[in-house]
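A short write-up of the structure that comes next.
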Amino acid sequence: MHTQITDVRLPEGQQVLFVYAKKQDLMNYQYLNNIKFPSDLRLLPVDALPKVCEELRDDIVKELSVNPGHLASSLGVTELTVALHYVYNTPEDRIVWDVGHQAYGHKILTGRRELFSTNRKLGGLHPFPTPDESEYDTFTCGHASNSISAALGMAVAQKQKKVVAVIGDGSMSGGLAFEGLNNAASSPNDLLIILNDNNMSIDRSVGGMKKYLLSLNTNESYNRWRDRAARWLRSHGMLSENRRRKTIRLSNAVKSALSPQANIFEGMDIRYFGPVDGHNVAELVRVLRQLKDMKGPKLLHIHTIKGKGYEPAEKAATIWHAPGKFDPETGERQKVDTSNMPPKYQDVFGETLVELARQNPRIMGVTPAMPTGCSMNKLMAAMPERAFDVGIAEGHAVTFSGGMAKEGLIPFCNIYSAFAQRAYDNIIHDVAIGRLNVVFCFDRAGIVGEDGATHHGAFDLAALRPVPNLTICAPMNEHELRRMMFTAQQQDMGPFVIRYPRGRGVLTDWRCALEPLPIGKGRCLKEGTEVAVLSIGHIGNNVTKAIEGLSVAHYDMRFLKPIDTEILDYVGSNFKRVITVEDGVRDGGLGSAVVEYFADHGYTPRVTRLGMPTTEFVEHGTVAELQHIVGIDAEGIRKCIMNHEYELT
């Protein structure tokens, strides 16, 4: 039995691309089984909503126990999700989610419950909200801090519609959020910003904004006075835009006298309401109804608990952010015996960083809100004074690292490759131009799997290759990663980029002596005739499998910049056919570098470039599935070689 994606009510003109397996065993819920779209939800009385939240939370837990995804964040906003769709006329009114891993409940309530078992699977529902999937998904939201800016643009463009931005999970620490707030304060709009304050991103939130939000409060007498005054002014036609701003400034002055806590939002001429209990759905409905038609920009501050309603997730929200498979009754997570498996690259990075830091007192660690995800937590545990979690603020992480490097330290700045895209100018302006010895470790480079297009580390090689003063390299295995890290912290190395993939390496015996690598030098892994394969990074292991039994040469280039010209001269002179393989976009990266060098120096082998396309984004699925589709798994590489009829040996 199958159902079409048209059940999701795609906007007019969009194509149905896949057929999904229909969920067979929908739980027998009193209310949830009768809610296909928010219009069904709005038929219920308010006193039924707590039960709806209970059923929705239970459905999310049971679904994710067998089809892993982002659990704790969506549980924390269950009441908010229900209240928003109950009060607002979605999809005509716009809800813009910030950090899409909060939006599983939103998906279930907007026509996708029967398809939710396909979430994050190849050809199934997208991992994060996207307008390509549903008209209820108003904006792409895989990365943090963009909701206020996007929602403000919508509010300006669609003045007759209500627009709500939901920001939280640590996203308010991102600079773009404050740029949006600043503009919202100076542009005519009726935007509602909901700050979901759960003191978390993935790990615990850090920094001054966290402390500020924890202590922020409003005075009850002040709020009563302000509401009465606003009603009186509005009834007398005295609340024009200009007068509104003057009134807000006056009310801020009165508040300063009544409340010991200054308010950063009202200081920006954005009316502030809260904090409100984000798990009281009836109260949320009441407050949202009051705010719905209120003029001018406003911010509702709610307090929530990440993982709310599922005790294991409440107790350990970081672990239960994306826990994998688990028993929903006991909370026992499915364990995999990893004793005979190679380690994850991130753990090799973390262990090696601690090892290097013990040898070199100038080494520091920096990460933007991902200490557990990138294993920077290992240095934080061993030497807490030498490791910094700067919050969701990639640009700041880079420039902060540049400042340390300017004063003689060697920061290892670890950022997920896709998130580093937001720090591109900082890398160029604040590090590369000054030749500062910042070591950029780009985790999750290449195809990352189920998180899809917003999270693939596809563009780092192509984006950074033209930037002067950078050294760019990628390890094929754990030993190479350790040696590249050791090389990067040598004296006066300048900006140094190391990119490596999500997941496990290939060596169970991964520890090795720490010794430097020659900059810009690759290595020949296998001699051959007629055809040569040039690869960079972990994807070279697929090449090794692909060429078994073939008389094909294989070169691990190691460095994209500077590239090994001796290898290129030899290959260009001695091979008729060259194939380049990279786990990144094929335009601008290794393949382009090779083609450019051959063209500049008069070499004429036929070159085939394998990598991720630039004509379309690679969607979600397992790493193996997506590598196969793109053609960079062992089968695809071998097929590329055999299509040219090279002899087996």
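Just remember, in the structure tokens the first chain shown is A, the second B, etc., residues are 1-based per chain, and ligands are 1-based in the order shown.
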List the spatial neighbours of segment 363-375 of chain A as a short mmCIF file (atom, residue, chain, number, x, y, z; two decimals) with all heavy atoms, in the first residue's frame - criterion: any atom at most 6 Å away, only C-alpha atoms, same-chain residues fewer than 5 positions off excluded.
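Written file, out.cif:
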```cif
data_model
loop_
_atom_site.label_atom_id
_atom_site.label_comp_id
_atom_site.auth_asym_id
_atom_site.auth_seq_id
_atom_site.Cartn_x
_atom_site.Cartn_y
_atom_site.Cartn_z
N GLN A 346 36.23 12.33 14.53
CA GLN A 346 36.13 13.39 15.52
C GLN A 346 36.84 13.00 16.81
O GLN A 346 37.44 13.85 17.48
CB GLN A 346 34.67 13.73 15.81
CG GLN A 346 33.90 12.62 16.51
CD GLN A 346 32.44 12.94 16.69
OE1 GLN A 346 31.73 13.17 15.71
NE2 GLN A 346 31.97 12.95 17.93
N ASP A 347 36.79 11.71 17.17
CA ASP A 347 37.44 11.27 18.40
C ASP A 347 38.96 11.23 18.23
O ASP A 347 39.70 11.52 19.18
CB ASP A 347 36.91 9.91 18.83
CG ASP A 347 35.47 9.98 19.32
OD1 ASP A 347 35.07 11.06 19.81
OD2 ASP A 347 34.74 8.98 19.20
N GLY A 350 39.91 14.74 18.74
CA GLY A 350 39.88 15.15 20.14
C GLY A 350 41.04 14.60 20.94
O GLY A 350 41.67 15.31 21.72
N ALA A 357 48.36 19.41 22.77
CA ALA A 357 48.29 20.52 23.73
C ALA A 357 49.21 20.27 24.92
O ALA A 357 49.76 21.22 25.50
CB ALA A 357 46.85 20.72 24.19
N ARG A 386 42.02 26.07 28.39
CA ARG A 386 42.58 26.20 27.05
C ARG A 386 41.59 25.79 25.96
O ARG A 386 41.99 25.56 24.81
CB ARG A 386 43.87 25.38 26.94
CG ARG A 386 44.99 25.95 27.80
CD ARG A 386 46.19 25.03 27.87
NE ARG A 386 46.82 24.84 26.58
CZ ARG A 386 47.86 24.04 26.38
NH1 ARG A 386 48.37 23.35 27.41
NH2 ARG A 386 48.39 23.91 25.18
N ALA A 387 40.32 25.71 26.29
CA ALA A 387 39.30 25.34 25.31
C ALA A 387 38.09 26.26 25.48
O ALA A 387 37.67 26.55 26.60
CB ALA A 387 38.87 23.89 25.49
N PHE A 388 37.54 26.72 24.35
CA PHE A 388 36.47 27.72 24.37
C PHE A 388 35.31 27.28 23.49
O PHE A 388 35.49 27.01 22.30
CB PHE A 388 37.00 29.07 23.85
CG PHE A 388 38.12 29.64 24.68
CD1 PHE A 388 39.43 29.30 24.41
CD2 PHE A 388 37.85 30.51 25.73
CE1 PHE A 388 40.47 29.81 25.17
CE2 PHE A 388 38.88 31.04 26.49
CZ PHE A 388 40.19 30.69 26.22
N ASP A 389 34.12 27.20 24.09
CA ASP A 389 32.88 27.07 23.33
C ASP A 389 32.29 28.47 23.23
O ASP A 389 31.87 29.05 24.23
CB ASP A 389 31.93 26.13 24.06
CG ASP A 389 30.58 25.99 23.35
OD1 ASP A 389 30.38 26.65 22.32
OD2 ASP A 389 29.74 25.22 23.85
N VAL A 390 32.24 29.03 22.02
CA VAL A 390 31.83 30.43 21.85
C VAL A 390 30.35 30.57 21.50
O VAL A 390 29.88 31.67 21.20
CB VAL A 390 32.69 31.12 20.77
CG1 VAL A 390 34.16 31.06 21.14
CG2 VAL A 390 32.46 30.50 19.39
N GLY A 391 29.58 29.45 21.55
CA GLY A 391 28.18 29.52 21.17
C GLY A 391 28.01 29.44 19.66
O GLY A 391 28.98 29.33 18.90
N ILE A 392 26.74 29.50 19.22
CA ILE A 392 26.46 29.40 17.79
C ILE A 392 26.88 30.71 17.14
O ILE A 392 26.09 31.64 16.98
CB ILE A 392 24.98 29.10 17.54
CG1 ILE A 392 24.60 27.76 18.17
CG2 ILE A 392 24.70 29.04 16.03
CD1 ILE A 392 23.14 27.39 18.02
N ALA A 393 28.16 30.79 16.79
CA ALA A 393 28.72 32.04 16.28
C ALA A 393 29.99 31.72 15.50
O ALA A 393 31.11 32.00 15.95
CB ALA A 393 29.01 32.99 17.45
N GLU A 394 29.81 31.14 14.32
CA GLU A 394 30.98 30.66 13.56
C GLU A 394 31.91 31.79 13.14
O GLU A 394 33.14 31.64 13.20
CB GLU A 394 30.50 29.89 12.32
CG GLU A 394 29.86 28.55 12.63
CD GLU A 394 28.40 28.67 13.04
OE1 GLU A 394 27.83 29.79 12.98
OE2 GLU A 394 27.81 27.63 13.43
N ILE A 410 48.24 29.22 19.11
CA ILE A 410 47.90 28.40 17.95
C ILE A 410 46.53 27.78 18.20
O ILE A 410 46.42 26.70 18.77
CB ILE A 410 48.94 27.30 17.68
CG1 ILE A 410 50.33 27.90 17.53
CG2 ILE A 410 48.57 26.51 16.42
CD1 ILE A 410 51.43 26.87 17.37
N PRO A 411 45.46 28.48 17.82
CA PRO A 411 44.12 27.93 18.04
C PRO A 411 43.75 26.88 17.00
O PRO A 411 43.97 27.07 15.80
CB PRO A 411 43.21 29.16 17.92
CG PRO A 411 43.98 30.11 17.07
CD PRO A 411 45.43 29.85 17.31
N PHE A 412 43.21 25.77 17.47
CA PHE A 412 42.58 24.78 16.61
C PHE A 412 41.10 25.09 16.62
O PHE A 412 40.41 24.86 17.62
CB PHE A 412 42.85 23.36 17.12
CG PHE A 412 44.17 22.80 16.70
CD1 PHE A 412 45.36 23.31 17.21
CD2 PHE A 412 44.25 21.75 15.78
CE1 PHE A 412 46.59 22.78 16.83
CE2 PHE A 412 45.47 21.23 15.38
CZ PHE A 412 46.65 21.75 15.91
N CYS A 413 40.60 25.64 15.54
CA CYS A 413 39.21 26.09 15.43
C CYS A 413 38.42 25.03 14.69
O CYS A 413 38.56 24.87 13.48
CB CYS A 413 39.15 27.43 14.70
SG CYS A 413 37.49 28.13 14.55
N ASN A 414 37.59 24.30 15.42
CA ASN A 414 36.88 23.16 14.85
C ASN A 414 35.44 23.55 14.56
O ASN A 414 34.68 23.89 15.46
CB ASN A 414 36.92 21.98 15.81
CG ASN A 414 36.42 20.70 15.15
OD1 ASN A 414 35.34 20.64 14.60
ND2 ASN A 414 37.24 19.66 15.21
#
```
Exercise for the section: Using backbone DSSP assignments, extract all strand (DSSP E or B) residues from segment 460-596 of chain A; output them as an NGL selection string. Expected result: :A and (471-473 or 496-499 or 504 or 523-526 or 531-535 or 550 or 552-556 or 559-561 or 577-585)
- Item | Who sits within 9 Å of segment 156-172 of chain A, only C-alpha atoms, same chain under 4 positions skipped, as a ChimeraX atom specification | /A:73,84,88-89,92-99,102,144-152,176-178,187-202,204-206,209-210,292-293,306,369,391-393
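What separates atom CA of Leu284 of chain A from atom CA of Tyr272 of chain A is a distance of 15.0 Å.
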Here atom CA of Ala381 of chain A and atom CA of His101 of chain A stand apart by 27.7 Å
Using only C-alpha atoms, the best pick from A:Leu300, A:Cys524, A:Met294, A:Ile305 as closest to Leu75 of chain A would be A:Ile305
Atom pair atom CA of Ile472 of chain A + atom CA of Leu525 of chain A, distance 20.3 Å
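The environment of Gly452 of chain A within 8 Å, counting only C-alpha atoms and disregarding residues fewer than 4 places along the same chain, consists of Arg120, His126, Pro127, Val448, His456, Val618, Glu619, His620 and Gly621 of chain A.
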Exercise. Quick one: everything within 7 Å of Val87 of chain A, counting only C-alpha atoms, minus sequence neighbours fewer than 5 positions away in the same chain. Send it as an MDAnalysis selection string.
Key: chainID A and resid 285 288:289
### Shell of 9 Å around segment 415-420 of chain A, only C-alpha atoms, local chain residues under 5 positions omitted, as a count of residues only
27
